[in-house]
>>> print(open('run-v1.txt').read())   # compact mmCIF, C-alpha atoms and all ligand atoms
# COMPACT_ATOMS: atom_id res chain seq x y z
CA MET J 1 10.36 89.79 121.69
CA ARG J 2 10.23 87.17 118.99
CA VAL J 3 10.30 88.85 115.59
CA LEU J 4 9.62 87.51 112.09
CA LEU J 5 10.98 89.70 109.29
CA VAL J 6 9.69 89.06 105.77
CA GLY J 7 11.76 89.62 102.60
CA SER J 8 15.24 89.03 101.24
CA GLY J 9 16.77 92.27 99.95
CA GLY J 10 19.14 95.00 101.12
CA ARG J 11 16.25 96.76 102.85
CA GLU J 12 15.54 93.64 104.87
CA HIS J 13 19.22 93.20 105.75
CA ALA J 14 19.23 96.74 107.17
CA LEU J 15 16.01 96.03 109.09
CA ALA J 16 17.47 92.76 110.42
CA TRP J 17 20.59 94.61 111.55
CA ALA J 18 18.51 97.23 113.43
CA ILE J 19 16.06 94.70 114.91
CA ALA J 20 18.88 92.41 116.09
CA ALA J 21 20.57 95.40 117.77
CA SER J 22 17.54 95.95 119.99
CA PRO J 23 17.87 94.66 123.55
CA LEU J 24 14.18 93.77 123.28
CA THR J 25 14.82 91.22 120.52
CA GLU J 26 14.99 87.74 121.94
CA ARG J 27 14.86 85.88 118.61
CA LEU J 28 14.79 86.98 114.99
CA TRP J 29 13.75 84.93 111.99
CA CYS J 30 13.67 86.07 108.41
CA ALA J 31 11.62 84.53 105.59
CA PRO J 32 13.28 83.84 103.26
CA GLY J 33 16.26 86.09 104.13
CA ASN J 34 19.72 86.10 102.54
CA PRO J 35 23.30 85.27 103.65
CA GLY J 36 23.80 88.77 105.08
CA ILE J 37 20.61 88.57 107.12
CA ALA J 38 21.76 85.15 108.38
CA GLN J 39 24.45 87.01 110.41
CA HIS J 40 21.67 88.55 112.54
CA GLY J 41 18.93 85.93 112.65
CA GLU J 42 17.74 82.59 111.41
CA CYS J 43 16.60 82.37 107.77
CA VAL J 44 13.58 80.17 107.10
CA PRO J 45 12.75 78.95 103.58
CA ILE J 46 9.28 80.48 103.26
CA GLY J 47 8.48 82.76 100.33
CA ALA J 48 7.65 86.39 101.13
CA THR J 49 4.13 86.08 99.67
CA ASP J 50 3.24 82.66 101.11
CA ILE J 51 0.84 84.23 103.61
CA ALA J 52 -0.55 80.96 104.99
CA ALA J 53 2.93 79.51 105.63
CA LEU J 54 4.21 82.76 107.18
CA VAL J 55 1.29 82.93 109.60
CA ALA J 56 1.56 79.23 110.44
CA PHE J 57 5.27 79.69 111.21
CA ALA J 58 4.56 82.78 113.32
CA ARG J 59 2.00 80.85 115.37
CA GLU J 60 4.26 77.82 115.81
CA GLN J 61 7.15 79.97 117.05
CA ALA J 62 4.95 82.25 119.19
CA VAL J 63 6.16 85.29 117.24
CA ASP J 64 5.26 88.63 118.86
CA LEU J 65 5.85 90.91 115.89
CA VAL J 66 5.83 90.39 112.11
CA VAL J 67 7.75 92.97 110.06
CA PRO J 68 7.04 92.83 106.31
CA GLY J 69 9.78 94.43 104.18
CA PRO J 70 8.27 94.48 100.67
CA GLU J 71 4.79 95.56 99.52
CA ALA J 72 3.71 92.27 97.92
CA PRO J 73 2.88 90.42 101.18
CA LEU J 74 0.99 93.48 102.43
CA VAL J 75 -1.08 93.80 99.27
CA ALA J 76 -1.69 90.03 99.56
CA GLY J 77 -3.12 90.46 103.08
CA LEU J 78 -0.31 89.46 105.48
CA ALA J 79 -1.34 92.09 108.07
CA ASP J 80 -4.98 90.96 107.89
CA ALA J 81 -3.98 87.31 108.33
CA CYS J 82 -1.80 88.25 111.35
CA ALA J 83 -4.68 90.24 112.87
CA GLU J 84 -6.96 87.22 112.55
CA VAL J 85 -4.65 85.16 114.77
CA GLY J 86 -3.78 88.02 117.13
CA ILE J 87 -0.16 88.61 116.07
CA ALA J 88 1.06 92.21 115.76
CA CYS J 89 2.20 93.18 112.26
CA PHE J 90 4.09 96.37 111.43
CA GLY J 91 2.30 97.06 108.16
CA PRO J 92 -1.05 98.03 106.68
CA SER J 93 -4.05 95.84 105.91
CA ALA J 94 -4.62 94.91 102.26
CA ALA J 95 -7.31 97.62 102.12
CA ALA J 96 -4.82 100.27 103.30
CA ALA J 97 -2.00 98.87 101.14
CA ARG J 98 -4.08 99.93 98.12
CA LEU J 99 -2.41 103.34 98.60
CA GLU J 100 0.51 101.69 96.81
CA GLY J 101 -1.34 98.90 95.01
CA SER J 102 -3.62 101.19 93.01
CA LYS J 103 -2.57 104.60 91.70
CA ALA J 104 -6.20 105.41 90.87
CA PHE J 105 -7.14 104.75 94.51
CA MET J 106 -4.20 106.85 95.72
CA LYS J 107 -5.39 109.78 93.55
CA GLU J 108 -8.94 109.36 94.85
CA VAL J 109 -7.73 109.50 98.46
CA CYS J 110 -5.58 112.57 97.75
CA ALA J 111 -8.52 114.35 96.11
CA ALA J 112 -10.87 113.52 99.00
CA ALA J 113 -8.29 114.60 101.60
CA GLY J 114 -7.14 117.73 99.77
CA VAL J 115 -3.56 116.39 99.59
CA PRO J 116 -1.37 118.30 97.10
CA THR J 117 -0.51 116.06 94.14
CA ALA J 118 -0.27 116.36 90.32
CA PRO J 119 -3.66 116.97 88.68
CA SER J 120 -4.79 113.72 87.06
CA ALA J 121 -7.55 111.74 85.39
CA THR J 122 -8.17 107.97 85.47
CA PHE J 123 -9.16 105.92 82.40
CA VAL J 124 -10.33 102.40 81.62
CA ASP J 125 -10.79 103.13 77.90
CA PRO J 126 -7.59 103.61 75.83
CA ASP J 127 -9.28 105.89 73.28
CA ALA J 128 -10.54 108.20 76.00
CA ALA J 129 -7.05 108.19 77.58
CA LYS J 130 -5.47 109.17 74.23
CA ALA J 131 -8.05 111.89 73.61
CA HIS J 132 -7.16 113.31 77.03
CA VAL J 133 -3.43 113.22 76.24
CA ARG J 134 -3.93 114.99 72.90
CA GLU J 135 -5.96 117.70 74.60
CA ALA J 136 -3.56 118.16 77.53
CA GLY J 137 -0.35 118.00 75.44
CA ALA J 138 3.15 116.93 76.49
CA PRO J 139 5.14 116.47 78.64
CA ILE J 140 2.66 114.23 80.44
CA VAL J 141 2.88 111.20 82.70
CA VAL J 142 1.18 107.83 82.04
CA LYS J 143 0.90 105.42 84.99
CA ALA J 144 -0.38 101.86 85.08
CA ASP J 145 -2.84 101.61 87.96
CA GLY J 146 -1.47 98.44 89.59
CA LEU J 147 1.90 97.13 90.77
CA ALA J 148 4.36 96.86 87.88
CA ALA J 149 7.70 96.33 89.62
CA GLY J 150 8.60 100.01 89.27
CA LYS J 151 8.15 99.92 85.48
CA GLY J 152 4.57 101.20 85.33
CA VAL J 153 5.36 104.92 84.93
CA VAL J 154 6.22 106.66 81.65
CA VAL J 155 7.18 110.33 81.74
CA ALA J 156 6.34 111.10 78.11
CA ALA J 157 8.12 113.98 76.40
CA THR J 158 5.71 113.88 73.42
CA VAL J 159 2.05 113.06 72.81
CA ALA J 160 3.12 110.14 70.57
CA GLU J 161 5.20 108.65 73.40
CA ALA J 162 2.25 108.96 75.78
CA GLU J 163 -0.07 107.28 73.26
CA ALA J 164 2.43 104.45 72.81
CA ALA J 165 2.54 103.96 76.59
CA ILE J 166 -1.27 103.84 76.73
CA ASP J 167 -1.26 101.13 74.04
CA ALA J 168 1.50 99.17 75.76
CA PHE J 169 -0.28 99.27 79.15
CA MET J 170 -3.95 99.00 78.10
CA ARG J 171 -3.95 97.06 74.81
CA ASP J 172 -0.74 94.97 74.89
CA ARG J 173 -1.01 94.58 78.67
CA ILE J 174 2.77 94.52 79.12
CA HIS J 175 2.15 94.64 82.87
CA GLY J 176 -0.90 92.37 82.78
CA ALA J 177 -3.99 93.44 84.68
CA ALA J 178 -2.02 96.28 86.34
CA GLY J 179 -2.40 98.26 83.10
CA ALA J 180 -6.15 97.77 82.58
CA THR J 181 -6.66 101.16 84.22
CA VAL J 182 -4.28 104.08 83.71
CA VAL J 183 -3.78 107.36 85.50
CA ILE J 184 -2.69 110.28 83.31
CA GLU J 185 -1.18 113.14 85.22
CA ALA J 186 0.53 116.48 84.77
CA CYS J 187 4.31 116.43 84.65
CA LEU J 188 5.83 118.20 87.65
CA ALA J 189 9.33 119.67 87.86
CA GLY J 190 11.57 119.84 90.87
CA GLU J 191 13.81 117.79 93.13
CA GLU J 192 12.55 114.38 94.28
CA VAL J 193 12.72 113.27 97.89
CA SER J 194 11.60 110.08 99.65
CA PHE J 195 10.00 110.90 102.99
CA PHE J 196 8.96 108.34 105.60
CA ALA J 197 6.40 108.56 108.40
CA LEU J 198 5.60 105.92 111.00
CA CYS J 199 1.83 105.58 111.35
CA ASP J 200 -0.41 103.84 113.86
CA GLY J 201 -3.74 104.33 112.11
CA ARG J 202 -4.44 107.71 113.73
CA ASN J 203 -1.07 109.25 114.64
CA ALA J 204 2.09 109.72 112.62
CA ILE J 205 5.65 110.73 113.41
CA PRO J 206 8.36 111.70 110.92
CA PHE J 207 10.98 109.03 110.28
CA GLY J 208 13.37 110.91 108.04
CA ALA J 209 13.97 111.61 104.39
CA ALA J 210 16.44 110.35 101.82
CA GLN J 211 17.25 110.86 98.17
CA ASP J 212 17.32 107.89 95.83
CA HIS J 213 19.18 107.57 92.48
CA LYS J 214 16.78 105.73 90.19
CA ARG J 215 18.65 105.74 86.86
CA VAL J 216 21.26 103.08 86.25
CA GLY J 217 23.91 105.45 84.86
CA GLU J 218 26.02 108.26 86.27
CA GLY J 219 24.54 111.73 85.84
CA ASP J 220 21.06 110.18 86.17
CA THR J 221 21.13 108.61 82.70
CA GLY J 222 19.89 105.31 81.29
CA PRO J 223 16.91 103.18 82.29
CA ASN J 224 15.15 103.26 85.66
CA THR J 225 16.12 100.79 88.37
CA GLY J 226 14.87 99.96 91.86
CA GLY J 227 17.48 102.47 93.08
CA MET J 228 21.27 102.56 92.63
CA GLY J 229 22.10 104.43 95.81
CA ALA J 230 20.77 106.85 98.38
CA TYR J 231 21.90 109.36 100.94
CA ALA J 232 20.38 111.16 103.90
CA PRO J 233 19.54 113.73 104.96
CA PRO J 234 18.75 115.58 101.70
CA PRO J 235 19.64 119.27 102.28
CA ALA J 236 16.72 120.44 100.12
CA PHE J 237 14.27 118.86 102.57
CA THR J 238 14.35 121.42 105.37
CA PRO J 239 12.68 120.98 108.79
CA ASP J 240 10.03 123.47 107.61
CA LEU J 241 9.25 121.32 104.58
CA GLU J 242 9.03 118.26 106.80
CA ARG J 243 6.46 119.98 109.02
CA GLN J 244 4.53 121.06 105.90
CA VAL J 245 4.51 117.49 104.53
CA MET J 246 3.33 116.07 107.86
CA GLU J 247 0.48 118.63 108.00
CA THR J 248 -0.61 118.75 104.35
CA ILE J 249 0.13 115.20 103.16
CA VAL J 250 0.63 112.59 105.90
CA ARG J 251 -2.01 113.61 108.48
CA PRO J 252 -4.85 114.30 105.99
CA THR J 253 -4.12 110.97 104.24
CA LEU J 254 -4.28 109.09 107.56
CA ALA J 255 -7.55 110.82 108.47
CA GLU J 256 -9.07 109.97 105.08
CA MET J 257 -7.99 106.32 105.29
CA ALA J 258 -9.47 106.03 108.80
CA ARG J 259 -12.70 107.63 107.55
CA ARG J 260 -12.86 104.96 104.85
CA GLY J 261 -12.51 102.20 107.43
CA ALA J 262 -8.96 101.34 106.29
CA PRO J 263 -6.69 102.94 108.90
CA PHE J 264 -3.05 103.00 107.82
CA ARG J 265 -0.49 101.35 110.09
CA GLY J 266 3.18 100.88 109.32
CA VAL J 267 5.51 103.12 107.37
CA LEU J 268 4.09 105.52 104.81
CA PHE J 269 6.67 106.28 102.12
CA CYS J 270 5.82 109.56 100.41
CA GLY J 271 7.52 109.96 97.03
CA LEU J 272 7.63 113.76 96.83
CA MET J 273 8.40 116.34 94.16
CA LEU J 274 9.61 119.59 95.72
CA THR J 275 8.03 122.00 93.22
CA GLU J 276 8.23 125.79 93.26
CA ALA J 277 4.64 125.78 94.50
CA GLY J 278 5.48 123.44 97.41
CA PRO J 279 5.79 119.70 97.98
CA ARG J 280 3.55 117.42 95.88
CA VAL J 281 3.11 113.71 96.41
CA LEU J 282 4.00 111.65 93.32
CA GLU J 283 3.28 108.28 94.89
CA PHE J 284 2.69 106.53 98.16
CA ASN J 285 4.41 103.28 99.07
CA VAL J 286 3.34 101.27 102.08
CA ARG J 287 6.85 100.08 103.08
CA PHE J 288 10.38 101.36 103.44
CA GLY J 289 12.26 102.23 100.26
CA ASP J 290 15.20 100.17 99.08
CA PRO J 291 17.94 101.56 99.29
CA GLU J 292 16.45 104.43 101.35
CA CYS J 293 15.85 102.10 104.31
CA GLN J 294 19.55 101.33 104.53
CA VAL J 295 20.50 105.00 105.00
CA LEU J 296 17.68 105.53 107.50
CA MET J 297 18.87 102.57 109.59
CA LEU J 298 22.50 103.76 109.44
CA ARG J 299 21.42 107.06 111.02
CA LEU J 300 18.83 105.75 113.47
CA MET J 301 19.90 106.26 117.09
CA SER J 302 16.65 105.09 118.68
CA ASP J 303 15.65 101.48 119.11
CA LEU J 304 13.57 100.45 116.06
CA VAL J 305 11.63 97.69 117.81
CA PRO J 306 9.65 99.81 120.34
CA ALA J 307 8.90 102.30 117.55
CA MET J 308 7.33 99.54 115.45
CA GLN J 309 5.55 98.22 118.52
CA ALA J 310 4.14 101.68 119.27
CA ALA J 311 2.81 101.81 115.70
CA CYS J 312 1.08 98.46 116.23
CA ASP J 313 -0.29 99.53 119.62
CA GLY J 314 -1.66 102.88 118.40
CA VAL J 315 0.46 104.96 120.79
CA LEU J 316 2.81 106.78 118.41
CA ASP J 317 1.53 110.10 119.77
CA ARG J 318 3.71 109.40 122.83
CA PHE J 319 6.75 108.47 120.80
CA ALA J 320 9.68 110.13 119.08
CA VAL J 321 12.71 108.78 117.26
CA ARG J 322 16.16 110.33 117.01
CA PHE J 323 18.70 110.21 114.21
CA LEU J 324 22.45 110.79 114.23
CA PRO J 325 23.46 114.20 112.87
CA ASP J 326 25.96 112.39 110.64
CA PRO J 327 24.98 111.90 107.00
CA ALA J 328 24.79 108.40 105.58
CA ILE J 329 25.18 107.07 102.07
CA VAL J 330 24.51 103.74 100.39
CA VAL J 331 26.04 102.61 97.09
CA VAL J 332 24.31 99.72 95.35
CA MET J 333 26.51 97.17 93.58
CA ALA J 334 24.56 95.44 90.82
CA ALA J 335 25.27 92.48 88.56
CA ARG J 336 26.17 93.26 84.95
CA GLY J 337 23.01 93.34 82.83
CA TYR J 338 20.84 95.00 85.51
CA PRO J 339 18.17 96.45 85.20
CA GLY J 340 17.74 94.05 82.28
CA THR J 341 18.55 90.38 82.84
CA PRO J 342 21.44 90.27 85.34
CA GLU J 343 24.32 87.80 85.06
CA THR J 344 24.12 85.75 88.24
CA GLY J 345 26.37 83.09 89.77
CA SER J 346 29.65 85.06 89.89
CA GLU J 347 31.68 84.97 93.10
CA ILE J 348 32.05 88.01 95.34
CA ARG J 349 35.30 88.25 97.34
CA GLY J 350 36.60 90.74 99.89
CA LEU J 351 33.34 91.26 101.79
CA GLU J 352 35.00 90.90 105.21
CA ARG J 353 37.75 93.32 104.24
CA ALA J 354 35.13 95.89 103.17
CA ALA J 355 32.99 95.39 106.26
CA ALA J 356 35.99 95.91 108.56
CA LEU J 357 36.61 99.45 107.24
CA PRO J 358 35.65 102.28 109.62
CA ASN J 359 32.02 103.50 109.61
CA VAL J 360 31.02 100.93 106.95
CA GLN J 361 28.13 98.45 106.84
CA VAL J 362 27.86 95.92 104.03
CA PHE J 363 24.26 94.94 103.33
CA HIS J 364 23.47 91.92 101.19
CA ALA J 365 20.64 92.30 98.65
CA GLY J 366 20.76 89.57 95.98
CA THR J 367 23.32 87.06 97.21
CA ARG J 368 23.40 83.36 98.00
CA ALA J 369 25.89 81.23 99.90
CA GLU J 370 27.38 78.11 98.35
CA GLY J 371 30.16 76.06 99.90
CA GLY J 372 31.46 78.97 101.95
CA ARG J 373 31.43 81.31 98.95
CA ILE J 374 29.08 84.25 98.35
CA LEU J 375 27.60 84.39 94.84
CA ALA J 376 25.56 87.01 92.99
CA ALA J 377 21.93 85.90 92.84
CA GLY J 378 19.99 88.94 91.66
CA GLY J 379 20.12 92.33 89.97
CA ARG J 380 20.93 94.49 92.97
CA VAL J 381 23.46 92.37 94.83
CA LEU J 382 25.04 94.49 97.59
CA ALA J 383 24.31 97.80 99.27
CA ILE J 384 27.45 99.34 100.72
CA GLY J 385 26.63 101.83 103.45
CA ALA J 386 28.72 104.32 105.38
CA THR J 387 28.30 107.26 107.72
CA GLY J 388 30.67 110.19 108.16
CA ALA J 389 31.01 113.57 109.82
CA THR J 390 30.18 115.06 106.40
CA LEU J 391 28.48 113.58 103.36
CA ALA J 392 31.81 113.73 101.50
CA ALA J 393 33.44 111.67 104.27
CA ALA J 394 30.57 109.16 104.18
CA ARG J 395 30.89 108.92 100.41
CA ASP J 396 34.65 108.36 100.60
CA ALA J 397 34.18 105.63 103.22
CA ALA J 398 31.49 103.89 101.14
CA TYR J 399 33.58 103.93 97.95
CA ALA J 400 36.66 102.71 99.86
CA ALA J 401 34.54 99.70 100.85
CA VAL J 402 33.29 99.26 97.27
CA ASP J 403 36.92 99.24 96.12
CA ALA J 404 37.81 96.61 98.74
CA ILE J 405 35.29 94.23 97.19
CA ASP J 406 36.67 91.96 94.51
CA TRP J 407 33.78 91.35 92.11
CA PRO J 408 34.64 92.09 88.47
CA GLU J 409 31.16 91.07 87.31
CA GLY J 410 29.53 93.84 89.35
CA PHE J 411 29.15 97.58 88.77
CA CYS J 412 28.00 100.66 90.66
CA ARG J 413 27.40 104.36 90.10
CA ARG J 414 30.34 106.50 91.22
CA ASP J 415 28.28 109.66 91.75
CA ILE J 416 25.89 108.76 94.56
CA GLY J 417 25.08 111.89 96.54
CA TRP J 418 26.05 114.27 93.72
CA ARG J 419 23.13 116.61 94.23
CA ALA J 420 24.01 117.38 97.83
CA LEU J 421 27.78 117.20 97.25
CA SER J 422 27.63 119.77 94.44
CA ARG J 423 25.56 122.32 96.40
P1 LIG J 501 6.22 106.67 90.72
O1 LIG J 501 6.38 105.17 90.65
O2 LIG J 501 4.82 107.14 90.67
O3 LIG J 501 7.05 107.31 91.81
O4 LIG J 501 6.97 107.19 89.42
C1 LIG J 501 8.27 106.83 89.12
C2 LIG J 501 9.06 108.05 88.77
O5 LIG J 501 8.43 108.74 87.70
C3 LIG J 501 9.14 109.07 89.88
O6 LIG J 501 10.19 108.79 90.76
C4 LIG J 501 9.38 110.33 89.11
O7 LIG J 501 10.75 110.46 88.73
C5 LIG J 501 8.57 110.13 87.87
N1 LIG J 501 7.23 110.74 88.00
C6 LIG J 501 6.11 110.18 88.50
N2 LIG J 501 5.07 111.05 88.47
C7 LIG J 501 5.56 112.18 87.95
C8 LIG J 501 4.98 113.47 87.66
N3 LIG J 501 3.69 113.73 87.88
N4 LIG J 501 5.78 114.41 87.13
C9 LIG J 501 7.09 114.16 86.87
N5 LIG J 501 7.68 112.98 87.11
C10 LIG J 501 6.94 112.00 87.64
N1 LIG J 502 13.92 103.15 96.03
C1 LIG J 502 12.55 103.33 95.69
C2 LIG J 502 11.63 102.32 96.22
O1 LIG J 502 11.96 101.54 97.09
O2 LIG J 502 10.51 102.31 95.75
>>> encode(input="run-v1.txt", output="structure tokens")
Amino acid sequence: MRVLLVGSGGREHALAWAIAASPLTERLWCAPGNPGIAQHGECVPIGATDIAALVAFAREQAVDLVVPGPEAPLVAGLADACAEVGIACFGPSAAAARLEGSKAFMKEVCAAAGVPTAPSATFVDPDAAKAHVREAGAPIVVKADGLAAGKGVVVAATVAEAEAAIDAFMRDRIHGAAGATVVIEACLAGEEVSFFALCDGRNAIPFGAAQDHKRVGEGDTGPNTGGMGAYAPPPAFTPDLERQVMETIVRPTLAEMARRGAPFRGVLFCGLMLTEAGPRVLEFNVRFGDPECQVLMLRLMSDLVPAMQAACDGVLDRFAVRFLPDPAIVVVMAARGYPGTPETGSEIRGLERAAALPNVQVFHAGTRAEGGRILAAGGRVLAIGATGATLAAARDAAYAAVDAIDWPEGFCRRDIGWRALSR
């Protein structure tokens, strides 16, 4: 098979690693890729949202399967454009990608399908939104409807904070058109888990769960990030809970999307809150999580390529995937300044030494190569992964690799996995 992977982060490096390991993979390209991905395939300088150029390249190279990493190309219609020229794409149509692209749409689908989620109301008028907040009281959650690079959610501890968020989203438009509509929802308490299901439009199979660490600082403090580390499996997410989530969240959502003429294909990422009353979906994403994908790939025993192909062919009902029993952990190394403006351009040394340590995989996220050197080129720069017989062993292996990397301008959290490790 000839595969075109789209994206350039740590998630895509992990996908490239898994796709290249498949005996079915004859050639792998990645657009635009990064220096880590270049170890597994050929990087081509096409932007991840340049749909026309991606499809033209796929046709030229007789690509059999397109694998989009991030949501932006999906929301922009990459899967639709592939379908038009008869190329399989492991990802949803733009219409189905609205599950991530519009929180108001996601809430509408959940309501129609009876999927358990936080009670909510959608507003296009800021005064009406504020009146609702004053009536409901705090804590309360204010969400910009559209994509806002993970910054469109405010968990407000007070009514004043919620009103300020409404003004920032709807009047000041800090996230542009994404904030023209807001969803206001009840604040739920519990442990958060990222759960993944492979979907073929009608059928779905579980693809594992992971726990992310969204805050930049140890002890879950400081501003939100794209994710500073992850581990799997999360002990709180029992096999019983997984079955419950498949039956009450994933399958009804798929049925509702099919009923609306927008069948969902690809990976459905359910951001869950495990509340006392049961699992509730906080958000859907239409792609793998980053860094969750890295821990999933570290534990995946099955070949990823036929699983993605089965999703494209609509035959997931005859498919199953297996994971190693060993836990996996990923520690993100970020450039100083992240999640604000990161300092880029510093040199990273010791990558080979780290990668040679037992049970370790070094994934590149925001790096670039220059004259044989690897330089920081983004906020999240590396994702250091490891497996182990226990989570503690995996953690020790990952931090040994972190310590082997010579990059004074970078930082990481030292407490990845704390929830499971302190149980
Ligand atoms: P989202 O992008 O919708 O996942 O929201 C980002 C983060 O905000 C989530 O990971 C949660 O930590 C938090 N969050 C979102 N919705 C809620 C909610 N209804 N109750 C409590 N926390 C929430
Ligand atoms: N790590 C969370 C996400 O990818 O959205």
>>> atom_distance(input="run-v1.txt", atom1="CA of Ala369 in chain J", atom2="CA of Phe57 in chain J")
23.6 Å
>>> residues_around(input="run-v1.txt", residues="Gln211 in chain J", least_positions_apart="4", cutoff="8 Å", atoms="all atoms listed in the file", output="ChimeraX atom specification")
/J:192-194,230-234,292
>>> residues_around(input="run-v1.txt", residues="Ala14 in chain J", least_positions_apart="4", cutoff="10 Å", atoms="all atoms listed in the file", output="PDB file with C-alpha atoms, keeping the file's coordinate frame")
ATOM      1  CA  GLY J   9      16.770  92.270  99.950  1.00  0.00           C
ATOM      2  CA  GLY J  10      19.140  95.000 101.120  1.00  0.00           C
ATOM      3  CA  ALA J  18      18.510  97.230 113.430  1.00  0.00           C
ATOM      4  CA  ILE J  19      16.060  94.700 114.910  1.00  0.00           C
ATOM      5  CA  ALA J  20      18.880  92.410 116.090  1.00  0.00           C
ATOM      6  CA  GLY J  36      23.800  88.770 105.080  1.00  0.00           C
ATOM      7  CA  ILE J  37      20.610  88.570 107.120  1.00  0.00           C
ATOM      8  CA  ASP J 290      15.200 100.170  99.080  1.00  0.00           C
ATOM      9  CA  PRO J 291      17.940 101.560  99.290  1.00  0.00           C
ATOM     10  CA  CYS J 293      15.850 102.100 104.310  1.00  0.00           C
ATOM     11  CA  GLN J 294      19.550 101.330 104.530  1.00  0.00           C
ATOM     12  CA  VAL J 295      20.500 105.000 105.000  1.00  0.00           C
ATOM     13  CA  LEU J 296      17.680 105.530 107.500  1.00  0.00           C
ATOM     14  CA  MET J 297      18.870 102.570 109.590  1.00  0.00           C
ATOM     15  CA  LEU J 298      22.500 103.760 109.440  1.00  0.00           C
ATOM     16  CA  GLN J 361      28.130  98.450 106.840  1.00  0.00           C
ATOM     17  CA  VAL J 362      27.860  95.920 104.030  1.00  0.00           C
ATOM     18  CA  PHE J 363      24.260  94.940 103.330  1.00  0.00           C
ATOM     19  CA  HIS J 364      23.470  91.920 101.190  1.00  0.00           C
ATOM     20  CA  ALA J 365      20.640  92.300  98.650  1.00  0.00           C
ATOM     21  CA  ALA J 383      24.310  97.800  99.270  1.00  0.00           C
ATOM     22  CA  GLY J 385      26.630 101.830 103.450  1.00  0.00           C
TER      23      GLY J 385
END
>>> axis_aligned_box(input="run-v1.txt", around="ligand LIG 502 (chain J)", padding_each_side="5 Å", output="AutoDock Vina command-line options")
--center_x 12.2 --center_y 102.4 --center_z 96.4 --size_x 13.4 --size_y 11.8 --size_z 11.4
>>> atom_distance(input="run-v1.txt", atom1="CA of Met301 in chain J", atom2="CA of Ala21 in chain J")
10.9 Å
>>> closest_residue(input="run-v1.txt", among="J:Gly271, J:Gly337, J:Pro45, J:Pro279", to="ligand LIG 502 (chain J)", atoms="all atoms listed in the file")
J:Gly271
>>> closest_residue(input="run-v1.txt", among="J:Gly227, J:Pro32, J:Gly266, J:Gly137", to="Gly91 in chain J", atoms="only C-alpha atoms")
J:Gly266
>>> build_atoms(input="run-v1.txt", residues="range 161-170 of chain J", atoms="N, CA, C and O atoms", output="mmCIF file, in the coordinates of the input")
data_model
loop_
_atom_site.group_PDB
_atom_site.id
_atom_site.type_symbol
_atom_site.label_atom_id
_atom_site.label_comp_id
_atom_site.auth_asym_id
_atom_site.auth_seq_id
_atom_site.Cartn_x
_atom_site.Cartn_y
_atom_site.Cartn_z
ATOM 1 N N GLU J 161 4.627 109.555 72.386
ATOM 2 C CA GLU J 161 5.200 108.650 73.400
ATOM 3 C C GLU J 161 4.139 108.271 74.445
ATOM 4 O O GLU J 161 4.059 107.106 74.864
ATOM 5 N N ALA J 162 3.314 109.238 74.817
ATOM 6 C CA ALA J 162 2.250 108.960 75.780
ATOM 7 C C ALA J 162 1.235 107.987 75.191
ATOM 8 O O ALA J 162 0.786 107.048 75.858
ATOM 9 N N GLU J 163 0.900 108.183 73.911
ATOM 10 C CA GLU J 163 -0.070 107.280 73.260
ATOM 11 C C GLU J 163 0.496 105.866 73.166
ATOM 12 O O GLU J 163 -0.232 104.886 73.363
ATOM 13 N N ALA J 164 1.786 105.778 72.892
ATOM 14 C CA ALA J 164 2.430 104.450 72.810
ATOM 15 C C ALA J 164 2.381 103.759 74.182
ATOM 16 O O ALA J 164 2.144 102.554 74.269
ATOM 17 N N ALA J 165 2.587 104.535 75.238
ATOM 18 C CA ALA J 165 2.540 103.960 76.590
ATOM 19 C C ALA J 165 1.128 103.470 76.907
ATOM 20 O O ALA J 165 0.949 102.397 77.512
ATOM 21 N N ILE J 166 0.129 104.248 76.496
ATOM 22 C CA ILE J 166 -1.270 103.840 76.730
ATOM 23 C C ILE J 166 -1.547 102.513 76.018
ATOM 24 O O ILE J 166 -2.129 101.590 76.599
ATOM 25 N N ASP J 167 -1.073 102.389 74.781
ATOM 26 C CA ASP J 167 -1.260 101.130 74.040
ATOM 27 C C ASP J 167 -0.541 99.977 74.723
ATOM 28 O O ASP J 167 -1.087 98.880 74.860
ATOM 29 N N ALA J 168 0.699 100.237 75.137
ATOM 30 C CA ALA J 168 1.500 99.170 75.760
ATOM 31 C C ALA J 168 0.832 98.698 77.058
ATOM 32 O O ALA J 168 0.753 97.493 77.332
ATOM 33 N N PHE J 169 0.331 99.641 77.864
ATOM 34 C CA PHE J 169 -0.280 99.270 79.150
ATOM 35 C C PHE J 169 -1.671 98.655 78.940
ATOM 36 O O PHE J 169 -1.978 97.614 79.491
ATOM 37 N N MET J 170 -2.514 99.341 78.123
ATOM 38 C CA MET J 170 -3.950 99.000 78.100
ATOM 39 C C MET J 170 -4.294 97.954 77.048
ATOM 40 O O MET J 170 -5.179 97.136 77.257
#
